[in-house]
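Report on the following structure.
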Number of protein chains: 2
Amino acid sequence: MLNPALPLGFAHHDHTNCVIDTLTAAETYCAEKELRFTPVRRKVLEILSQEHRALGAYAILDRLRESGFGSQPPIAYRALDFLVLNGLAHKIERLNAFIACSHLGYTHTPFFMICHLCNTVAEAQYVPDRGALESAAQTAGFHIEQTVVEAKGVCPSCITKGDI
Amino acid sequence: MLNPALPLGFAHHDHTNCVIDTLTAAETYCAEKELRFTPVRRKVLEILSQEHRALGAYAILDRLRESGFGSQPPIAYRALDFLVLNGLAHKIERLNAFIACSHLGYTHTPFFMICHLCNTVAEAQYVPDRGALESAAQTAGFHIEQTVVEAKGVCPSCITKGDI
DNA sequence: ACTAACTTGTTATAGTATTACGTCTGTATC
DNA sequence: GATACAGACGTAATACTATAACAAGTTAGT
């Protein structure tokens, strides 16, 4: 099980476990919700979980092709739509790219930290601040359904390298 | 002067003043910072401030053409880059579209409320919650340079109409 | 087996954004 | 005033991102 307290991505670790853990969690999750975790969808999630960078749809498509799947855009986009819709992956709007969810099963407002030097993306557990955001929305009479928070900046390893 | 406390966009009001106020504020701001507020840039900001919806680059381009400016994409993108870089406009990543800043001169982390029924966008004054976001970033050792918060939901007038 | 709902494959096309290069304009310097 | 420089604009070409539409295959329930 993935630990929701630690933002992966910036820390060194064994990717093999990431992939296995993510896929196992996804399988369990889909079984519970009676969702079809088909080969393409599984492959896309596998591809995404192999790195903690966001991948564009066409980069994913290239890897699908190498693995013998269809190679037209809708193949990738449909799998990604499924993953995003069901919270197994997220779209990073600033990058027009996608990343595996690292807090599957925990309801959360994703908070992404995007390093603009090495393009690594980490997803932090962000307990939605119902104080500030909700109150701003309430003042306006707005009903929030979904919130995305994306921060651009420099990740710890680039700071250490002195690139800042 | 624009009132930073009230999120425009969802409230009925006279647009004429919005446009004039925005352009005047931008002129003053650019003069202070020794930025060139050229005719194209001015025109793009004028176009944006005429509505409180986000406009795509190509929609802006159409209107530039009608006004006798160049009609190739870079014309619009360069003006938009300038406006965004200097805080006179913001990009709504979820929509790949742009909107005039309604809190010019106030340092702020923009918080956008996007109505997915009527596509109206309101920018709220969001006092950055250094508690939750910063602490999540600090835990990860991440240095935040810029943060974008985008909420999808339903605006007050669509709620009233019963579209929800 | 039959049907309905869903998923995949493929073609074509729409929408968003950037690169590259030439020209012009304003400013500072000699 | 002539010159050099930087920034901004005009245009053409191209790259990147995403969706529509339709045909064919698959799965689960009847």
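Please note that chains go A, B, ... in the order of the structure tokens, that every chain numbers its residues from 1, and that ligands are numbered from 1 in the order shown.
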
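Counting only C-alpha atoms (C1' of nucleotides), every residue of chain C that comes within 9 Å of chain A is listed here: DT7, DT8, DG9 and DT10 of chain C.
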
Compute the set of chain D residues within 12 Å of chain B, using only C-alpha atoms (C1' of nucleotides), and express it as an NGL selection string. :D and (7-13 or 17-18)

Would you tabulate, counting only C-alpha atoms, all residues of chain B that have an atom at most 10 Å from an atom of chain A, showing the closest pair of atoms and their distance in Å to one decimal, sorted by chain then ascending number, as a Markdown table?
```
| residue | atom | partner | partner_atom | distance |
| --- | --- | --- | --- | --- |
| B:Ala5 | CA | A:Thr139 | CA | 9.5 |
| B:Leu6 | CA | A:Ala140 | CA | 7.8 |
| B:Pro7 | CA | A:Ala140 | CA | 6.4 |
| B:Leu8 | CA | A:Ala140 | CA | 8.7 |
| B:Gly9 | CA | A:Ala140 | CA | 9.4 |
| B:Phe10 | CA | A:Ala140 | CA | 7.2 |
| B:Ala11 | CA | A:Ala140 | CA | 8.5 |
| B:Lys91 | CA | A:Arg94 | CA | 9.5 |
| B:Ile92 | CA | A:Glu93 | CA | 9.1 |
| B:Glu93 | CA | A:Glu93 | CA | 5.5 |
| B:Arg94 | CA | A:Glu93 | CA | 5.8 |
| B:Leu95 | CA | A:Glu93 | CA | 8.9 |
| B:Asn96 | CA | A:Glu93 | CA | 8.8 |
| B:Phe111 | CA | A:Leu133 | CA | 8.2 |
| B:Phe112 | CA | A:Ala137 | CA | 9.4 |
| B:Met113 | CA | A:Phe142 | CA | 7.4 |
| B:Ile114 | CA | A:Ile144 | CA | 8.9 |
| B:Cys115 | CA | A:Phe142 | CA | 8.4 |
| B:His116 | CA | A:Glu145 | CA | 9.9 |
| B:Ala122 | CA | A:Ala140 | CA | 8.6 |
| B:Glu123 | CA | A:Ala140 | CA | 9.8 |
| B:Ala124 | CA | A:Ala136 | CA | 6.6 |
| B:Gln125 | CA | A:Ala136 | CA | 7.4 |
| B:Tyr126 | CA | A:Ala136 | CA | 7.0 |
| B:Val127 | CA | A:Ala132 | CA | 7.4 |
| B:Pro128 | CA | A:Ala132 | CA | 8.3 |
| B:Asp129 | CA | A:Ala132 | CA | 7.1 |
| B:Gly131 | CA | A:Asp129 | CA | 9.2 |
| B:Ala132 | CA | A:Asp129 | CA | 7.1 |
| B:Leu133 | CA | A:Tyr126 | CA | 7.2 |
| B:Ser135 | CA | A:Tyr126 | CA | 9.7 |
| B:Ala136 | CA | A:Ala124 | CA | 6.6 |
| B:Ala137 | CA | A:Met113 | CA | 7.6 |
| B:Gln138 | CA | A:Pro156 | CA | 9.7 |
| B:Thr139 | CA | A:Leu6 | CA | 8.3 |
| B:Ala140 | CA | A:Pro7 | CA | 6.4 |
| B:Gly141 | CA | A:Pro156 | CA | 5.1 |
| B:Phe142 | CA | A:Cys155 | CA | 4.8 |
| B:His143 | CA | A:Val154 | CA | 5.1 |
| B:Ile144 | CA | A:Gly153 | CA | 4.5 |
| B:Glu145 | CA | A:Gly153 | CA | 4.7 |
| B:Gln146 | CA | A:Lys152 | CA | 5.2 |
| B:Thr147 | CA | A:Ala151 | CA | 4.2 |
| B:Val148 | CA | A:Glu150 | CA | 5.3 |
| B:Val149 | CA | A:Val149 | CA | 4.6 |
| B:Glu150 | CA | A:Val148 | CA | 5.3 |
| B:Ala151 | CA | A:Thr147 | CA | 4.2 |
| B:Lys152 | CA | A:Gln146 | CA | 5.2 |
| B:Gly153 | CA | A:Ile144 | CA | 4.5 |
| B:Val154 | CA | A:His143 | CA | 5.2 |
| B:Cys155 | CA | A:Phe142 | CA | 4.8 |
| B:Pro156 | CA | A:Gly141 | CA | 5.1 |
| B:Ser157 | CA | A:Gly141 | CA | 8.8 |
| B:Cys158 | CA | A:Phe142 | CA | 9.5 |
| B:Ile159 | CA | A:His143 | CA | 8.2 |
| B:Ile164 | CA | A:His143 | CA | 9.6 |
```

As an MDAnalysis selection string, which residues of segment 68-125 of chain A does DSSP assign to strand (DSSP E or B)? chainID A and resid 89:92 97:100 111:115 120:124

Go ahead and compute the interatomic distance for atom CA of Val121 of chain A and atom CA of Asn17 of chain A, in Å to one decimal.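 Between these atoms lies a distance of 18.2 Å.
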